[in-house]
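Asker: Sharing entry.cif below, mmCIF, C-alpha atoms:
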data_start
loop_
_atom_site.label_atom_id
_atom_site.label_comp_id
_atom_site.auth_asym_id
_atom_site.auth_seq_id
_atom_site.Cartn_x
_atom_site.Cartn_y
_atom_site.Cartn_z
CA MET H 1 2.72 33.96 6.95
CA ILE H 2 0.89 30.70 7.54
CA SER H 3 -2.62 30.52 9.01
CA LEU H 4 -3.29 27.67 11.40
CA ASN H 5 -6.29 26.58 13.41
CA ILE H 6 -5.07 24.89 16.58
CA ASN H 7 -7.44 23.75 19.29
CA GLN H 8 -10.14 25.92 17.70
CA LYS H 9 -8.01 29.07 17.87
CA ASN H 10 -6.54 30.82 14.81
CA TYR H 11 -2.85 31.64 14.60
CA ASP H 12 -0.81 33.39 11.93
CA VAL H 13 2.80 32.31 12.12
CA ASP H 14 5.75 33.70 10.19
CA VAL H 15 7.79 30.54 9.67
CA ASN H 16 9.42 28.52 6.90
CA PRO H 17 6.61 26.43 5.31
CA ASP H 18 8.92 23.37 5.54
CA MET H 19 9.31 23.70 9.32
CA PRO H 20 7.94 20.62 11.15
CA LEU H 21 4.55 21.28 12.71
CA LEU H 22 5.97 20.08 16.04
CA TRP H 23 8.50 22.93 16.11
CA VAL H 24 5.78 25.47 15.40
CA LEU H 25 3.55 24.06 18.14
CA ARG H 26 6.26 23.96 20.77
CA ASP H 27 8.70 26.75 19.89
CA VAL H 28 6.53 29.32 18.11
CA ILE H 29 3.10 28.93 19.71
CA GLY H 30 4.18 27.53 23.05
CA LEU H 31 2.01 24.43 23.22
CA VAL H 32 4.57 22.10 24.80
CA GLY H 33 2.31 19.15 25.65
CA THR H 34 3.31 17.48 22.37
CA LYS H 35 6.76 15.92 22.73
CA TYR H 36 9.78 15.42 20.48
CA GLY H 37 10.87 11.78 20.54
CA CYS H 38 12.72 10.34 17.55
CA GLY H 39 12.17 12.96 14.85
CA VAL H 40 11.66 10.29 12.16
CA ALA H 41 8.04 9.16 12.77
CA GLN H 42 9.11 6.01 14.61
CA CYS H 43 7.99 6.56 18.22
CA GLY H 44 4.65 8.40 18.32
CA ALA H 45 5.52 10.91 21.06
CA CYS H 46 4.61 13.82 18.75
CA VAL H 47 1.15 12.63 17.62
CA VAL H 48 -1.43 15.38 17.13
CA HIS H 49 -4.71 15.36 15.22
CA LEU H 50 -4.78 16.90 11.75
CA ASN H 51 -8.39 16.97 10.59
CA GLY H 52 -9.01 14.17 13.09
CA GLU H 53 -6.15 11.89 11.98
CA ALA H 54 -3.25 10.98 14.26
CA VAL H 55 -0.35 12.50 12.34
CA ARG H 56 3.23 12.59 13.55
CA SER H 57 4.04 16.26 13.85
CA CYS H 58 7.83 15.76 13.78
CA VAL H 59 7.67 14.84 10.06
CA THR H 60 4.60 16.87 9.10
CA LYS H 61 5.59 20.14 7.48
CA VAL H 62 3.62 23.11 8.77
CA LYS H 63 2.45 23.87 5.22
CA ARG H 64 0.42 20.62 5.29
CA ALA H 65 -1.52 22.01 8.25
CA GLU H 66 -2.24 25.39 6.68
CA GLY H 67 -5.97 26.11 6.79
CA GLN H 68 -6.61 22.69 8.40
CA LYS H 69 -7.80 21.80 11.90
CA VAL H 70 -5.07 20.81 14.35
CA VAL H 71 -5.79 19.44 17.81
CA THR H 72 -3.07 18.88 20.39
CA ILE H 73 -3.26 17.25 23.82
CA GLU H 74 -4.13 20.66 25.23
CA GLY H 75 -7.27 20.73 23.07
CA LEU H 76 -8.37 17.09 23.30
CA ALA H 77 -11.09 18.06 25.78
CA GLU H 78 -12.02 21.48 27.11
CA ASN H 79 -11.45 20.61 30.75
CA SER H 80 -9.01 17.74 30.24
CA ASP H 81 -11.98 15.46 30.87
CA HIS H 82 -11.92 13.24 27.80
CA PRO H 83 -12.88 9.69 28.88
CA LEU H 84 -9.32 8.64 28.04
CA GLN H 85 -7.83 11.32 30.29
CA LYS H 86 -10.13 10.29 33.14
CA ALA H 87 -9.31 6.62 32.60
CA TRP H 88 -5.57 7.43 32.45
CA LEU H 89 -5.84 9.02 35.91
CA GLU H 90 -7.99 6.22 37.24
CA VAL H 91 -5.56 3.51 36.13
CA ASP H 92 -2.53 5.70 36.93
CA VAL H 93 -1.03 4.84 33.54
CA PRO H 94 2.12 7.03 33.24
CA GLN H 95 5.48 6.29 34.72
CA CYS H 96 7.83 8.96 33.35
CA GLY H 97 5.00 10.34 31.22
CA TYR H 98 7.03 11.49 28.23
CA CYS H 99 5.17 9.38 25.64
CA GLN H 100 1.73 9.67 27.18
CA CYS H 101 0.38 12.65 25.24
CA GLY H 102 1.10 10.82 22.01
CA GLN H 103 -0.47 7.65 23.43
CA LEU H 104 -3.63 9.56 24.35
CA MET H 105 -3.93 11.23 20.96
CA SER H 106 -3.60 7.89 19.15
CA ALA H 107 -6.05 6.21 21.51
CA ALA H 108 -8.56 9.01 20.90
CA VAL H 109 -8.65 8.19 17.19
CA LEU H 110 -9.15 4.51 18.00
CA LEU H 111 -12.10 5.20 20.30
CA ARG H 112 -13.70 7.60 17.83
CA GLU H 113 -13.61 4.98 15.06
CA ASN H 114 -14.20 1.94 17.24
CA PRO H 115 -16.11 2.62 20.48
CA ASN H 116 -15.75 -0.98 21.64
CA PRO H 117 -12.20 -2.09 20.79
CA THR H 118 -10.85 -5.56 21.47
CA ASP H 119 -7.33 -6.19 22.76
CA GLN H 120 -6.30 -6.86 19.15
CA ASP H 121 -7.83 -3.56 17.97
CA ILE H 122 -5.88 -1.75 20.69
CA ASP H 123 -2.64 -3.50 19.68
CA ASP H 124 -3.26 -2.62 16.02
CA ALA H 125 -4.00 1.03 16.79
CA MET H 126 -1.27 1.61 19.37
CA ALA H 127 1.60 -0.37 17.84
CA GLY H 128 3.22 2.85 16.62
CA ASN H 129 3.43 4.47 20.06
CA LEU H 130 6.46 3.39 22.04
CA CYS H 131 6.79 3.57 25.82
CA ARG H 132 10.27 3.02 27.24
CA CYS H 133 8.78 2.55 30.72
CA GLY H 134 6.66 -0.31 29.40
CA THR H 135 3.26 0.95 30.48
CA TYR H 136 1.54 -0.94 27.67
CA LEU H 137 -0.61 -3.12 29.91
CA ARG H 138 -1.95 -0.11 31.83
CA ILE H 139 -2.54 1.72 28.55
CA LYS H 140 -4.62 -1.20 27.32
CA LYS H 141 -6.56 -1.34 30.58
CA ALA H 142 -7.22 2.42 30.47
CA ILE H 143 -8.44 2.30 26.88
CA HIS H 144 -10.94 -0.42 27.79
CA LEU H 145 -12.04 1.66 30.79
CA ALA H 146 -12.40 4.80 28.65
CA ALA H 147 -14.44 2.86 26.08
CA ASP H 148 -16.69 1.73 28.91
CA MET H 149 -17.03 5.30 30.23
CA GLN H 150 -17.77 6.58 26.73
CA ARG H 151 -20.49 3.96 26.17
CA LYS H 152 -22.14 4.80 29.50
CA GLY H 153 -21.98 8.52 28.68
CA MET F 1 -17.95 -54.60 -64.32
CA LYS F 2 -14.69 -55.45 -62.63
CA ARG F 3 -13.25 -52.12 -63.78
CA GLN F 4 -16.24 -50.24 -62.32
CA SER F 5 -15.77 -51.98 -58.98
CA VAL F 6 -12.07 -51.04 -58.90
CA ASN F 7 -12.90 -47.39 -59.67
CA TYR F 8 -15.48 -47.38 -56.91
CA LYS F 9 -12.99 -48.81 -54.39
CA LEU F 10 -10.35 -46.26 -55.44
CA HIS F 11 -12.83 -43.41 -55.05
CA ALA F 12 -13.89 -44.62 -51.61
CA TRP F 13 -10.26 -44.95 -50.54
CA ARG F 14 -9.52 -41.38 -51.68
CA LEU F 15 -12.57 -40.07 -49.85
CA LYS F 16 -11.56 -41.87 -46.63
CA THR F 17 -8.02 -40.53 -46.88
CA MET F 18 -9.29 -36.99 -47.34
CA ILE F 19 -11.65 -37.27 -44.34
CA ILE F 20 -8.83 -38.64 -42.15
CA LEU F 21 -6.53 -35.82 -43.29
CA VAL F 22 -9.16 -33.19 -42.45
CA ILE F 23 -9.69 -34.71 -38.98
CA VAL F 24 -5.96 -34.91 -38.29
CA CYS F 25 -5.43 -31.28 -39.38
CA ALA F 26 -8.35 -30.09 -37.25
CA ALA F 27 -7.01 -31.98 -34.23
CA ILE F 28 -3.53 -30.52 -34.69
CA GLY F 29 -5.08 -27.05 -34.95
CA ILE F 30 -7.12 -27.48 -31.76
CA ILE F 31 -4.18 -28.89 -29.79
CA SER F 32 -1.77 -26.15 -30.86
CA SER F 33 -4.34 -23.44 -30.22
CA SER F 34 -5.11 -24.76 -26.72
CA PHE F 35 -1.39 -24.98 -25.96
CA GLU F 36 -0.99 -21.37 -27.06
CA ASN F 37 -3.99 -20.17 -25.03
CA LYS F 38 -2.64 -21.93 -21.94
CA ASN F 39 0.35 -19.60 -21.92
CA LYS F 40 -1.34 -16.49 -23.25
CA VAL F 41 -2.97 -14.69 -20.37
CA GLY F 42 -4.34 -11.62 -22.10
CA SER F 43 -6.32 -10.93 -25.19
CA ILE F 44 -4.76 -8.90 -27.96
CA GLU F 45 -6.35 -7.34 -30.97
CA SER F 46 -3.76 -8.23 -33.59
CA ASP F 47 -2.41 -11.74 -34.12
CA ALA F 48 0.38 -10.21 -36.19
CA ALA F 49 1.80 -8.61 -33.04
CA LYS F 50 1.98 -11.91 -31.14
CA ASP F 51 5.42 -13.21 -30.29
CA SER F 52 5.51 -15.55 -27.32
CA VAL F 53 9.31 -15.62 -27.12
CA ALA F 54 9.70 -11.83 -27.12
CA SER F 55 6.74 -11.43 -24.77
CA VAL F 56 8.09 -13.86 -22.16
CA LYS F 57 11.58 -12.39 -22.47
CA ALA F 58 10.16 -8.91 -21.77
CA PHE F 59 8.15 -10.18 -18.81
CA MET F 60 11.24 -11.64 -17.16
CA GLN F 61 12.64 -8.08 -17.12
CA VAL F 62 9.32 -6.73 -15.81
CA TYR F 63 9.42 -9.37 -13.08
CA LYS F 64 12.81 -8.15 -11.81
CA VAL F 65 11.33 -4.69 -11.30
CA LEU F 66 8.08 -5.86 -9.70
CA MET F 67 9.98 -8.07 -7.26
CA SER F 68 12.40 -5.28 -6.29
CA PRO F 69 11.81 -3.81 -2.82
CA ARG F 70 10.50 -0.56 -4.30
CA CYS F 71 7.53 -2.39 -5.80
CA MET F 72 7.14 -5.57 -3.73
CA ASN F 73 7.26 -3.83 -0.33
CA CYS F 74 3.75 -2.50 -0.89
CA HIS F 75 2.48 -5.75 -2.45
CA PRO F 76 3.06 -8.08 0.53
CA SER F 77 1.60 -11.55 0.96
CA GLY F 78 0.29 -10.57 4.40
CA ASP F 79 -1.60 -7.51 5.62
CA VAL F 80 1.47 -5.62 6.85
CA PRO F 81 3.71 -3.85 4.32
CA LEU F 82 7.40 -4.61 3.95
CA GLN F 83 10.15 -2.11 4.50
CA GLY F 84 13.73 -1.44 3.45
CA ASP F 85 16.03 -2.95 0.86
CA ASP F 86 15.85 -6.30 2.69
CA SER F 87 12.02 -6.22 2.60
CA HIS F 88 11.60 -6.85 6.31
CA ILE F 89 8.17 -6.52 7.91
CA HIS F 90 7.35 -2.82 8.39
CA THR F 91 8.23 -1.67 11.90
CA MET F 92 5.18 -0.78 14.02
CA LEU F 93 3.19 -3.40 12.07
CA PRO F 94 0.74 -1.05 10.33
CA LYS F 95 -2.23 -3.03 8.99
CA ARG F 96 -3.61 -2.79 5.46
CA GLY F 97 -7.20 -1.91 6.44
CA LYS F 98 -10.18 -2.23 4.11
CA ASP F 99 -9.10 0.51 1.71
CA GLY F 100 -5.37 -0.22 1.95
CA LYS F 101 -4.72 3.07 3.74
CA GLY F 102 -4.23 1.71 7.25
CA ILE F 103 -6.43 1.69 10.34
CA TYR F 104 -7.19 3.90 13.37
CA ALA F 105 -4.08 5.80 14.46
CA MET F 106 -1.95 3.79 12.04
CA LYS F 107 -2.95 5.18 8.67
CA CYS F 108 -0.24 5.46 6.02
CA ASN F 109 -0.53 9.22 5.64
CA ASN F 110 0.00 9.78 9.36
CA CYS F 111 3.71 9.24 8.73
CA HIS F 112 4.08 9.18 4.93
CA GLN F 113 3.84 12.79 3.83
CA PRO F 114 2.78 14.04 0.38
CA GLU F 115 6.48 14.35 -0.54
CA ASN F 116 9.83 12.86 0.41
CA LEU F 117 11.62 14.34 3.39
CA PRO F 118 15.32 15.13 3.53
CA GLY F 119 17.55 12.79 5.53
CA LEU F 120 18.05 9.07 5.99
CA HIS F 121 15.34 6.85 7.52
CA LYS F 122 12.56 9.40 7.02
CA PRO F 123 9.30 7.95 5.69
CA PRO F 124 9.18 8.21 1.89
CA GLY F 125 6.33 10.40 0.68
CA ASN F 126 3.52 10.37 -1.84
CA PRO F 127 0.05 11.98 -1.64
CA ASN F 128 -1.59 8.66 -2.51
CA TRP F 129 0.47 6.29 -0.36
CA HIS F 130 -1.40 3.02 0.22
CA LEU F 131 -1.38 -0.76 -0.16
CA PRO F 132 -3.80 -2.51 -2.49
CA PRO F 133 -7.22 -2.77 -0.78
CA SER F 134 -8.22 -5.84 1.21
CA ASP F 135 -10.61 -7.11 -1.49
CA MET F 136 -7.94 -6.87 -4.24
CA LYS F 137 -4.59 -7.53 -2.58
CA MET F 138 -2.49 -7.82 -5.76
CA VAL F 139 0.21 -9.80 -3.97
CA PHE F 140 3.68 -9.82 -5.56
CA GLN F 141 5.64 -11.34 -2.68
CA GLY F 142 6.28 -15.05 -3.27
CA ARG F 143 4.77 -15.17 -6.76
CA THR F 144 6.66 -17.00 -9.52
CA PRO F 145 7.00 -15.24 -12.89
CA ARG F 146 4.20 -17.38 -14.29
CA GLN F 147 1.88 -16.75 -11.34
CA LEU F 148 2.52 -13.02 -11.42
CA ALA F 149 2.03 -12.69 -15.18
CA LYS F 150 -1.29 -14.54 -15.01
CA GLN F 151 -2.39 -12.51 -12.00
CA ILE F 152 -1.60 -9.17 -13.62
CA MET F 153 -3.60 -10.02 -16.73
CA ASP F 154 -6.60 -11.37 -14.79
CA PRO F 155 -9.21 -8.58 -14.41
CA LYS F 156 -10.53 -10.36 -11.32
CA GLN F 157 -7.14 -9.93 -9.67
CA ASN F 158 -5.82 -6.73 -11.23
CA GLY F 159 -8.52 -4.25 -10.23
CA ASN F 160 -10.54 -4.94 -13.39
CA LYS F 161 -7.89 -3.36 -15.61
CA SER F 162 -8.09 -3.79 -19.36
CA LYS F 163 -4.99 -4.13 -21.54
CA GLN F 164 -5.13 -0.39 -22.19
CA LYS F 165 -5.47 0.41 -18.48
CA LEU F 166 -2.52 -1.85 -17.72
CA LEU F 167 -0.40 -0.06 -20.32
CA GLU F 168 -1.36 3.28 -18.75
CA HIS F 169 -0.68 1.96 -15.23
CA ALA F 170 3.07 2.00 -15.94
CA HIS F 171 2.80 5.80 -15.75
CA ASP F 172 0.75 5.87 -12.51
CA ALA F 173 2.11 8.37 -9.96
CA LEU F 174 2.55 5.68 -7.29
CA VAL F 175 4.38 3.39 -9.76
CA LEU F 176 6.65 6.32 -10.67
CA ALA F 177 7.27 6.90 -6.96
CA GLY F 178 9.22 3.62 -7.00
CA TRP F 179 11.99 5.53 -8.75
CA ASN F 180 11.88 8.39 -6.21
CA MET F 181 11.87 6.85 -2.73
CA GLY F 182 14.08 9.28 -0.89
CA GLU F 183 17.60 9.12 0.42
CA GLY F 184 19.35 5.83 1.10
CA ARG F 185 16.96 3.54 -0.74
CA SER F 186 18.02 1.45 -3.75
CA LEU F 187 16.28 1.96 -7.07
CA PRO F 188 14.55 -0.72 -9.17
CA PRO F 189 17.01 -2.59 -11.42
CA MET F 190 16.30 -0.48 -14.53
CA SER F 191 15.13 3.04 -15.33
CA HIS F 192 11.43 3.84 -15.51
CA GLU F 193 11.81 4.44 -19.24
CA GLU F 194 13.28 0.94 -19.72
CA PHE F 195 10.55 -0.52 -17.51
CA VAL F 196 7.81 1.06 -19.63
CA LYS F 197 9.47 -0.41 -22.72
CA VAL F 198 9.56 -4.02 -21.44
CA TRP F 199 6.12 -3.70 -19.84
CA THR F 200 4.66 -2.53 -23.15
CA THR F 201 6.51 -5.20 -25.13
CA TRP F 202 5.25 -7.93 -22.81
CA ILE F 203 1.63 -6.87 -23.18
CA GLU F 204 1.65 -5.94 -26.86
CA LYS F 205 3.44 -9.12 -27.92
CA GLY F 206 0.60 -11.15 -26.42
CA ALA F 207 1.06 -10.97 -22.61
CA TYR F 208 2.38 -14.52 -22.47
CA ALA F 209 3.18 -16.09 -19.10
CA PRO F 210 6.60 -17.72 -18.62
CA PRO F 211 6.49 -21.51 -18.23
CA ARG F 212 7.24 -21.38 -14.51
#
Would you mind writing the file out in structure tokens?

Answerer:
Amino acid sequence: MISLNINQKNYDVDVNPDMPLLWVLRDVIGLVGTKYGCGVAQCGACVVHLNGEAVRSCVTKVKRAEGQKVVTIEGLAENSDHPLQKAWLEVDVPQCGYCQCGQLMSAAVLLRENPNPTDQDIDDAMAGNLCRCGTYLRIKKAIHLAADMQRKG
Amino acid sequence: MKRQSVNYKLHAWRLKTMIILVIVCAAIGIISSSFENKNKVGSIESDAAKDSVASVKAFMQVYKVLMSPRCMNCHPSGDVPLQGDDSHIHTMLPKRGKDGKGIYAMKCNNCHQPENLPGLHKPPGNPNWHLPPSDMKMVFQGRTPRQLAKQIMDPKQNGNKSKQKLLEHAHDALVLAGWNMGEGRSLPPMSHEEFVKVWTTWIEKGAYAPPR
């Protein structure tokens, strides 16, 4: 049995400790906002926060998360009103949407560590999140907007 | 009187010869010592252990390991690590960051787990995965044997490591990880045991730098 804290709720799951965290989130707990993309940490669709860091849950074994704090897209903000989520709606960022939860989770770490990012900072932080629809320019615009919203409170 | 004058001249000539000989010997000593110091890049306690030929020969073996992808990939000349057996720029362009552990959502441990994962093309793992920090980059890529030997023995460029610390560094967990990089990746050109042997020989024989 492995004890997890996900989005501030405790779960005890009876799984193989080597199972990827992504599988536990989606198939055992039922939090399906986090997506499976490449399975080898190359695309960023599966990014969740582990103690605040943007880990790739497809290659993170669930045992690494035991007793740690995990946040998924469902727990990024209580009412889905994180400045990034509001900015994403405002700019209408997604096309197909498959990669967007991972994009948001990575962007959230950027804004926490750098409330006023430049275009270069955004490129550096988001270079590991792929979008086959090519929404990169809208993502950049939305991150700037979210940073602005965050600064203005 | 004449005999006294001859004796005096002979004595003066002997004295001059001796002084010249002393000066010549001293000059030869200084020149040879400076030539030796130019190639010796580390201090050693015992002169008896010095052997520039054996030391340089050992370093050339060390160099082959340090320039192999398993070592050089995390000692790049830029701020992005290298990747793969062909040492291409790491996909996703993760940046070094101040502490060498990446930046923002692109920190090394976000993908590199504490251990290797089964399967090809999975990120290799280590609990302490990182590049050298930005204020001590310890670049291997592009260095000649001479440049690298001098750099490694320079405390200002090696993380302030003493000779003893350098000897111990061969057993560092992240150095050892070079011989355990997960499926599908080539190994350094000799075993870790052989590497420790040539590394130790290089340093203990005087840590001489190759001529080029």

Asker: From the set F:Met92, F:Cys74, F:Met67, F:Ala58, which residue has the shortest atom-to-atom contact distance to chain H, counting all atoms listed in the file?

Answerer: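 Checking each candidate against chain H, we get F:Met92 as the closest.
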
Asker: Please return, as a VMD selection string, all residues of chain H lying within 12 Å of chain F when only C-alpha atoms are considered.

Answerer: chain H and resid 18 to 20 38 to 44 46 to 65 102 to 115 117 120 to 130

Asker: Got a sec to resolve the PyMOL selection byres ((chain H and resi 8) around 10) on this structure and send the residues as a list in words?

Answerer: Leu4, Asn5, Ile6, Asn7, Lys9, Asn10, Tyr11, Lys69, Val70, Val71 and Gly75 of chain H

Asker: Convert the current residue selection to file output with C-alpha atoms, as a PDB file, in the coordinates of the input.

Answerer:
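Below is the file part_0.pdb, written as the result:
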ATOM      1  CA  LEU H   4      -3.290  27.670  11.400  1.00  0.00           C
ATOM      2  CA  ASN H   5      -6.290  26.580  13.410  1.00  0.00           C
ATOM      3  CA  ILE H   6      -5.070  24.890  16.580  1.00  0.00           C
ATOM      4  CA  ASN H   7      -7.440  23.750  19.290  1.00  0.00           C
ATOM      5  CA  LYS H   9      -8.010  29.070  17.870  1.00  0.00           C
ATOM      6  CA  ASN H  10      -6.540  30.820  14.810  1.00  0.00           C
ATOM      7  CA  TYR H  11      -2.850  31.640  14.600  1.00  0.00           C
ATOM      8  CA  LYS H  69      -7.800  21.800  11.900  1.00  0.00           C
ATOM      9  CA  VAL H  70      -5.070  20.810  14.350  1.00  0.00           C
ATOM     10  CA  VAL H  71      -5.790  19.440  17.810  1.00  0.00           C
ATOM     11  CA  GLY H  75      -7.270  20.730  23.070  1.00  0.00           C
TER      12      GLY H  75
END

Asker: May I ask which of the residues F:Ala54, F:Ile152, F:Ala48, F:Lys197 is the closest one to Phe140 of chain F, counting all atoms listed in the file?

Answerer: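 For Phe140 of chain F, the nearest of the candidates is F:Ile152.
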
Asker: With the PyMOL selection byres ((chain F and resi 86) around 12) as the selection, what would be picked from this file? Answer as number ranges by chain, please.

Answerer: F: 67-70, 72-73, 82-85, 87-90, 185-186

Asker: Rounded to one decimal, what separation in Å do you get between atom CA of Gly178 of chain F and atom CA of Phe195 of chain F?

Answerer: 11.4 Å

Asker: So the first atom is atom CA of Pro155 of chain F and the second is atom CA of Val62 of chain F; what is the distance between them in Å, to one decimal place?

Answerer: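 Atom CA of Val62 of chain F lies 18.7 Å from atom CA of Pro155 of chain F.
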
Asker: Which residues would end up in the selection if the PyMOL selection byres ((chain F and resi 156-160) around 10) were applied here, given that I need the answer as number ranges by chain?

Answerer: F: 132-133, 135-139, 150-155, 161-163, 165-166

Asker: Could you pull the residues within 12 Å of Thr200 of chain F, counting all atoms listed in the file, minus those fewer than 6 positions along the same chain, as a VMD selection string?

Answerer: chain F and resid 49 54 to 56 58 to 59 61 to 62 163 to 171 193 to 194 206 to 207

Asker: What is the distance, in Å and to one decimal place, between atom CA of Tyr98 of chain H and atom CA of Val32 of chain H?

Answerer: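 So the answer is 11.4 Å.
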
Asker: Can you pull out the residues contacting Ala173 of chain F? Cut-off 10 Å, using only C-alpha atoms, and skip same-chain residues under 5 positions away; I want them as number ranges by chain.

Answerer: F: 126-129, 178

Asker: For the residues in that selection, give me C-alpha atoms as an mmCIF file, keeping the file's coordinate frame.

Answerer:
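Generated file (result.cif):
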data_model
loop_
_atom_site.group_PDB
_atom_site.id
_atom_site.type_symbol
_atom_site.label_atom_id
_atom_site.label_comp_id
_atom_site.auth_asym_id
_atom_site.auth_seq_id
_atom_site.Cartn_x
_atom_site.Cartn_y
_atom_site.Cartn_z
ATOM 1 C CA ASN F 126 3.520 10.370 -1.840
ATOM 2 C CA PRO F 127 0.050 11.980 -1.640
ATOM 3 C CA ASN F 128 -1.590 8.660 -2.510
ATOM 4 C CA TRP F 129 0.470 6.290 -0.360
ATOM 5 C CA GLY F 178 9.220 3.620 -7.000
#

Asker: With only C-alpha atoms as the basis for distance, which of F:Ser191, F:Gly78, F:Ala149, F:Asp99 is at the shortest distance from Arg212 of chain F?

Answerer: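 The answer is F:Ala149, which sits nearest to Arg212 of chain F.
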
Asker: I need the residue nearest Gly100 of chain F from this list: F:Pro210, F:Gly184, F:Pro189, F:Pro76. Use all atoms listed in the file for the distance.

Answerer: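 The shortest atom-to-atom distance to Gly100 of chain F comes from F:Pro76.
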
Asker: Would you mind completing segment 108-119 of chain F so that it carries N, CA and C atoms, and writing it out as a PDB file, in the frame of the given file?

Answerer:
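Wrote rebuild.pdb, looks like this:
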ATOM      1  N   CYS F 108      -1.494   5.195   6.746  1.00  0.00           N
ATOM      2  CA  CYS F 108      -0.240   5.460   6.020  1.00  0.00           C
ATOM      3  C   CYS F 108       0.153   6.935   6.050  1.00  0.00           C
ATOM      4  N   ASN F 109      -0.850   7.801   5.776  1.00  0.00           N
ATOM      5  CA  ASN F 109      -0.530   9.220   5.640  1.00  0.00           C
ATOM      6  C   ASN F 109      -0.230   9.913   6.964  1.00  0.00           C
ATOM      7  N   ASN F 110      -0.369   9.176   8.071  1.00  0.00           N
ATOM      8  CA  ASN F 110       0.000   9.780   9.360  1.00  0.00           C
ATOM      9  C   ASN F 110       1.511   9.977   9.437  1.00  0.00           C
ATOM     10  N   CYS F 111       2.245   9.110   8.759  1.00  0.00           N
ATOM     11  CA  CYS F 111       3.710   9.240   8.730  1.00  0.00           C
ATOM     12  C   CYS F 111       4.202   9.594   7.322  1.00  0.00           C
ATOM     13  N   HIS F 112       3.648   8.931   6.312  1.00  0.00           N
ATOM     14  CA  HIS F 112       4.080   9.180   4.930  1.00  0.00           C
ATOM     15  C   HIS F 112       3.443  10.477   4.437  1.00  0.00           C
ATOM     16  N   GLN F 113       4.292  11.448   4.210  1.00  0.00           N
ATOM     17  CA  GLN F 113       3.840  12.790   3.830  1.00  0.00           C
ATOM     18  C   GLN F 113       3.579  12.837   2.312  1.00  0.00           C
ATOM     19  N   PRO F 114       3.011  13.945   1.834  1.00  0.00           N
ATOM     20  CA  PRO F 114       2.780  14.040   0.380  1.00  0.00           C
ATOM     21  C   PRO F 114       4.064  14.058  -0.448  1.00  0.00           C
ATOM     22  N   GLU F 115       5.210  14.290   0.210  1.00  0.00           N
ATOM     23  CA  GLU F 115       6.480  14.350  -0.540  1.00  0.00           C
ATOM     24  C   GLU F 115       7.578  13.721   0.312  1.00  0.00           C
ATOM     25  N   ASN F 116       8.690  13.386  -0.338  1.00  0.00           N
ATOM     26  CA  ASN F 116       9.830  12.860   0.410  1.00  0.00           C
ATOM     27  C   ASN F 116      10.375  13.910   1.353  1.00  0.00           C
ATOM     28  N   LEU F 117      10.998  13.434   2.431  1.00  0.00           N
ATOM     29  CA  LEU F 117      11.620  14.340   3.390  1.00  0.00           C
ATOM     30  C   LEU F 117      13.130  14.190   3.298  1.00  0.00           C
ATOM     31  N   PRO F 118      13.860  15.257   3.573  1.00  0.00           N
ATOM     32  CA  PRO F 118      15.320  15.130   3.530  1.00  0.00           C
ATOM     33  C   PRO F 118      15.835  14.280   4.688  1.00  0.00           C
ATOM     34  N   GLY F 119      16.935  13.560   4.458  1.00  0.00           N
ATOM     35  CA  GLY F 119      17.550  12.790   5.530  1.00  0.00           C
ATOM     36  C   GLY F 119      17.273  11.300   5.438  1.00  0.00           C
TER      37      GLY F 119
END
